[in-house]
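Report on the following structure.
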Amino acid sequence: MSSSKKLSNQHKNSELQAEIGKFIAYNQDEFAELVTFVDFAEKFTLGFIEINFSPDIDLLIAGLKQNPQCEEIQFVVLDFPDGNLRFLRDELVKELAKITKQTNKKLVLLIRNLEKSIGVFGDYPSVLQDLNFVRDSYRKTVPHPLLFILPDYAISRLTKFAPDFWAWKSGLFRFRTTELIRDRAIANTLNTDINIEHLPTPEQQERIDLLHGLLMEYHPTGEIPRPEHLRNCCNILNELGKAYLSQHKPIKAREYLEKAGKIAKQFPDYSLEIEVINQLGKSYQQQRQFESANSYHQQALDIAKKQKNRPAVTNSLFYLGNVSLDMRQFHQAHDYYQQALEIKIEFGNRYSSARIYHNLGIVAQELREYNQARDYYQQALEIFIEFGDRYSSASTYHQLGRVAQLLREYDQARDYYQQALEIKIEFGDRYSSATTYHNLGMVAQELREYDQARDYYQQALEIFIESGDRYECAGTYHQLGRVAQELREYDQSRDYYQQALEIKIEFGDRYSQALTLHCLGTLAQAEENYAEARANLQTALEIYVEYQDEYWAKVAREILEGLPE
């Protein structure tokens with residue numbers, strides 16, 4: 001090894017030793033009690049260590065292993081990061097069989113990352129249910145001191161859902177994080193310019209874990225946060241809400257956002273209050289509860305106008321446009337976006353104008369103004385590329401692919417979709433990749449490459465199911481139905497259409513129901529079941545007329561007129 005590398009390693013090691021020393025000094029009394037506990041613990045003895053930040057766990061373990069009083073202790077760290085873990089005792093028994101016990105040393109097991117399977121929300125996690133149920137067997141099968149290292153929220157859930165196991169504890173040791181670790185966490189969460197949506201999935205989860213750790217520091221479970229910590233608590237809760245929205249978990253997001261909203265009213269930071277209200281609106285939009293979404297965004301807009309906060313007015317107008325877009329109120333959406341764009345241009349905010357150009361493109365596309373849509377998308381893409389926002393350009397490439405597809409320019413469409421998919425995979429955005437797989441399936445279907453189409457749809461469906469996005473599954477079931485119909489697999493086709501229709505009814509998506517009823521009508525027509533065909537097509541026609549979709553209304557009428565009596 002070169003002398004420069006040796007010096008570098010020595011420097012890193014000295015920095016690590018300094019951090020270990022600071023952490024132990026900061027928790028001097030708690031560390032001394034833990035060392036005493038480890039020294040006296042025999043056979044199966046249960047203890048819990050509360051630490052909210054993963055880096056602190058590394059410092060604690062290193063400090064224990066280096067401590068002179070622990071020279072006769074063999075510490076073994078067992079890592080259980082599987083969120084689906086259920087039978088912890090069985091896993092511990094397997095791990096014990098792999099451990100080579102050191103002579104004349106007492107084995108002490110340190111369990112970490114169990115919070116992944118304990119979770120933050122929800123009723124009775126499986127791992128805790130099993131922990132409580134098989135408690136008595138631990139004395140025989142795990143005859144060693146056992147220390148669970150968990151954050152505040154996980155310990156709270158364990159006490160609630162595994163009270164019998166918790167009752168056996170012989171010690172609880174609460175460690176505080178050092179100012180250095182806390183400052184790093186704040187820098188990587190609250191003070192970063194990187195949008196969580198632009199992060200690969202593992203880094204998104206890392207940020208969420210840091211936010212949970214910060215929240216426990218400023219607002220421990222069961223305690224009222226101190227007045228000087230309220231602003232930080234509100235920011236953390238808001239960021240957690242945004243993080244879960246980026247993972248399409250609106251109910252979980254709302255739990256944090258509602259808490260943030262209550263705190264935001266306690267101090268006059270209207271910008272933060274407006275942001276929280278808008279995020280609450282987005283949570284309802286993800287659930288397709290559009291009236292509630294509109295109500296929150298309008299409330300945010302009213303506050304922003306009253307405070308003459310023009311940037312906040314722009315954001316609220318943009319979100320109102322998004323809700324109108326989802327409700328297929330395209331002219332209303334266009335109006336909101338134009339108002340937002342005018343303010344962005346007034347303030348010279350070129351970068352954030354890109355999102356508005358992108359959504360104006362979607363409006364034009366839905367109104368079948370394809371050249372206009374393409375122009376808006378190109379303006380958005382130009383800005384994203386200019387500012388080096390590769391991640392955001394993916395969604396615009398996707399939409400350019402959609403326009404090309406609608407214009408039957410299938411090679412061009414496939415090229416745009418492939419560019420979008422490549423970027424999404426690069427950023428680890430598995431959820432967003434599903435929509436592009438879906439659209440690649442549509443292109444393959446148009447080219448009569450049915451096996452390829454089915455494969456793309458199955459990939460999309462797998463991701464939607466994995467992400468718990470039942471609503472998006474409907475569109476893919478619909479397309480799988482169309483493939484089966486074109487292959488004359490009518491029973492399979494009907495089954496897919498029925499699954500799609502059931503979900504669309506469940507989510508109240510009346511317009512989209514028409515498309516599936518339309519296909520069920522043409523399927524019945526192919527089977528010469530004309531009464532069923534007429535019923536389904538007539539219902540579809542009524543919905544098309546209701547939503548002023550003249551194109552599909554005309555198509556449905558022509559089919560109805562051609563049906564035998």
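Residue numbers start at 1 in each chain; chains themselves are named A, B, ... in the order of the structure tokens; ligands are numbered from 1 in the order shown.
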
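Within the 12 Å cut-off around A:Leu407, using only C-alpha atoms and omitting residues fewer than 3 positions from it on the same chain, the listed residues are Gln365, Arg368, Glu369, Tyr370, Asn371, Ala373, Arg374, Leu400, Gly401, Arg402, Val403, Ala404, Tyr410, Asp411, Gln412, Ala413, Val443 and Glu446 of chain A.
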
Residue subset to file, keeping N, CA and C atoms, as a compact mmCIF listing (two decimals), in the first residue's frame:
```txt
# COMPACT_ATOMS: atom_id res chain seq x y z
N GLN A 365 -53.04 17.73 -26.05
CA GLN A 365 -53.11 16.34 -26.53
C GLN A 365 -54.51 15.77 -26.31
N ARG A 368 -56.93 16.79 -28.74
CA ARG A 368 -56.52 16.32 -30.06
C ARG A 368 -55.87 17.42 -30.90
N GLU A 369 -55.23 18.37 -30.23
CA GLU A 369 -54.45 19.42 -30.91
C GLU A 369 -52.98 18.97 -30.86
N TYR A 370 -52.66 17.99 -31.69
CA TYR A 370 -51.40 17.27 -31.53
C TYR A 370 -50.17 18.13 -31.87
N ASN A 371 -50.26 18.97 -32.87
CA ASN A 371 -49.11 19.83 -33.19
C ASN A 371 -48.83 20.81 -32.06
N ALA A 373 -49.63 20.29 -28.92
CA ALA A 373 -49.11 19.48 -27.82
C ALA A 373 -47.62 19.24 -27.99
N ARG A 374 -47.24 18.86 -29.21
CA ARG A 374 -45.82 18.58 -29.49
C ARG A 374 -44.97 19.82 -29.25
N LEU A 400 -44.13 12.84 -25.53
CA LEU A 400 -43.85 12.97 -26.96
C LEU A 400 -44.09 11.64 -27.66
N GLY A 401 -43.78 10.54 -26.97
CA GLY A 401 -44.08 9.21 -27.50
C GLY A 401 -45.57 9.00 -27.66
N ARG A 402 -46.33 9.51 -26.69
CA ARG A 402 -47.79 9.35 -26.76
C ARG A 402 -48.36 10.11 -27.97
N VAL A 403 -47.87 11.33 -28.21
CA VAL A 403 -48.34 12.10 -29.37
C VAL A 403 -48.00 11.37 -30.66
N ALA A 404 -46.76 10.89 -30.76
CA ALA A 404 -46.35 10.15 -31.96
C ALA A 404 -47.22 8.91 -32.16
N TYR A 410 -45.36 5.09 -35.26
CA TYR A 410 -45.04 4.10 -34.23
C TYR A 410 -43.54 3.96 -33.97
N ASP A 411 -42.71 4.05 -34.99
CA ASP A 411 -41.26 3.96 -34.77
C ASP A 411 -40.78 5.13 -33.91
N GLN A 412 -41.31 6.32 -34.21
CA GLN A 412 -40.94 7.50 -33.43
C GLN A 412 -41.45 7.37 -31.99
N ALA A 413 -42.66 6.86 -31.85
CA ALA A 413 -43.24 6.67 -30.52
C ALA A 413 -42.39 5.71 -29.70
N VAL A 443 -48.04 0.36 -28.35
CA VAL A 443 -47.38 0.47 -29.66
C VAL A 443 -47.24 -0.92 -30.29
N GLU A 446 -50.54 -2.06 -31.60
CA GLU A 446 -50.91 -1.40 -32.86
C GLU A 446 -50.17 -2.03 -34.04
```

Exercise. Mind pulling up the distance from atom CA of A:Leu147 to atom CA of A:Phe165?
Worked result: 12.9 Å

Exercise. Pick the closest to A:Phe330 from A:Gln548, A:Leu88, A:Leu515, A:Phe40: which is it, counting only C-alpha atoms?
Worked result: A:Gln548

For this session: Do a neighbour search on A:Arg231 at 8 Å with only C-alpha atoms, toss out local chain neighbours closer than 6 positions, and write the hits as JSON, numbers by chain.
Result: {"A": [263, 264, 267]}

Please produce a file of the residues just selected, as a JSON list (two decimals), in the first residue's frame, where the atoms kept are C-alpha atoms.
```json
[["chain", "number", "residue", "atom", "x", "y", "z"],
["A", 263, "ILE", "CA", -48.49, 22.87, 13.86],
["A", 264, "ALA", "CA", -48.22, 25.36, 10.96],
["A", 267, "PHE", "CA", -46.65, 30.26, 14.07]]
```

Problem set entry | Distance criterion (only C-alpha atoms): nearest to A:Ala312 out of A:Lys252, A:Lys344, A:Lys504, A:Arg454 |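 That would be A:Lys344, the residue with the smallest distance to A:Ala312.
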
Exercise. Could you write out, as a PyMOL selection string, all the residues of stretch 6-242 of chain A that DSSP marks as alpha helix (DSSP H)?
Worked result: chain A and resi 6-26+28-40+54-66+88-98+115-118+126-133+138-141+152-161+163-166+179-188+201-218+230-242

Problem set entry | Using only C-alpha atoms: which of A:Glu550, A:Glu197, A:Asp29, A:Glu115 has the shortest distance to A:Ser54 |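 Selected residue with least distance to A:Ser54: A:Glu115.
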
Exercise. Could you pull the residues within 10 Å of A:Phe507, counting only C-alpha atoms, minus those fewer than 4 positions along the same chain, as a ChimeraX atom specification?
Worked result: /A:287-289,470-471,501-503

For this session: Provide the atom CA of A:Leu150 to atom CA of A:Gly261 distance in Å, to one decimal place.
Result: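 One can read the atom CA of A:Leu150 to atom CA of A:Gly261 distance as 28.0 Å.
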
Problem set entry | Pick from A:Ser392, A:Gln285, A:Gln405, A:Asn349 nearest to A:Asn195, counting only C-alpha atoms |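 The answer is A:Ser392, which sits nearest to A:Asn195.
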
Exercise. Could you pull the residues within 12 Å of A:Tyr496, counting only C-alpha atoms, minus those fewer than 6 positions along the same chain, as a VMD selection string?
Worked result: chain A and resid 461 473 to 485 489 to 490 502 to 503 516 to 517 519 to 520 523

For this session: Excluding stretch 420-427 of chain A and any residue of its chain fewer than 5 positions from it, enumerate the residues within 6 Å of it, using only C-alpha atoms, and give them as a list in words.
Result: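 The residues satisfying every condition are Pro200, Ala394, Tyr397, His398 and Ser433 of chain A.
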
Residues as selected, N, CA, C and O atoms, written as a short mmCIF file (atom, residue, chain, number, x, y, z; two decimals), in the first residue's frame, can you do that?
```
data_model
loop_
_atom_site.label_atom_id
_atom_site.label_comp_id
_atom_site.auth_asym_id
_atom_site.auth_seq_id
_atom_site.Cartn_x
_atom_site.Cartn_y
_atom_site.Cartn_z
N PRO A 200 -33.18 7.85 -6.81
CA PRO A 200 -33.47 6.42 -6.95
C PRO A 200 -34.18 5.90 -5.70
O PRO A 200 -34.03 6.46 -4.61
N ALA A 394 -37.64 12.66 -18.70
CA ALA A 394 -38.20 11.34 -18.99
C ALA A 394 -39.71 11.42 -19.23
O ALA A 394 -40.23 10.82 -20.18
N TYR A 397 -40.34 13.01 -22.63
CA TYR A 397 -40.09 12.03 -23.70
C TYR A 397 -41.27 11.07 -23.81
O TYR A 397 -41.72 10.72 -24.91
N HIS A 398 -41.78 10.66 -22.65
CA HIS A 398 -42.93 9.74 -22.63
C HIS A 398 -44.12 10.36 -23.35
O HIS A 398 -44.78 9.72 -24.18
N SER A 433 -41.84 3.71 -14.37
CA SER A 433 -41.52 2.86 -15.53
C SER A 433 -42.76 2.09 -16.00
O SER A 433 -42.87 1.77 -17.19
#
```

For this session: Tell me, as a list in words, which residues lie within 8 Å of A:Thr314, counting only C-alpha atoms; anything in the same chain fewer than 2 positions away does not count.
Result: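 Counting only the stated atoms, we get Arg310, Pro311, Ala312, Ser316, Leu317, Phe318, Gln339, Ala340, Leu341, Ile343 and Lys344 of chain A.
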
For this session: Can you work out the spacing between atom CA of A:Phe23 and atom CA of A:Gly63 in Å, to one decimal?
Result: 8.8 Å
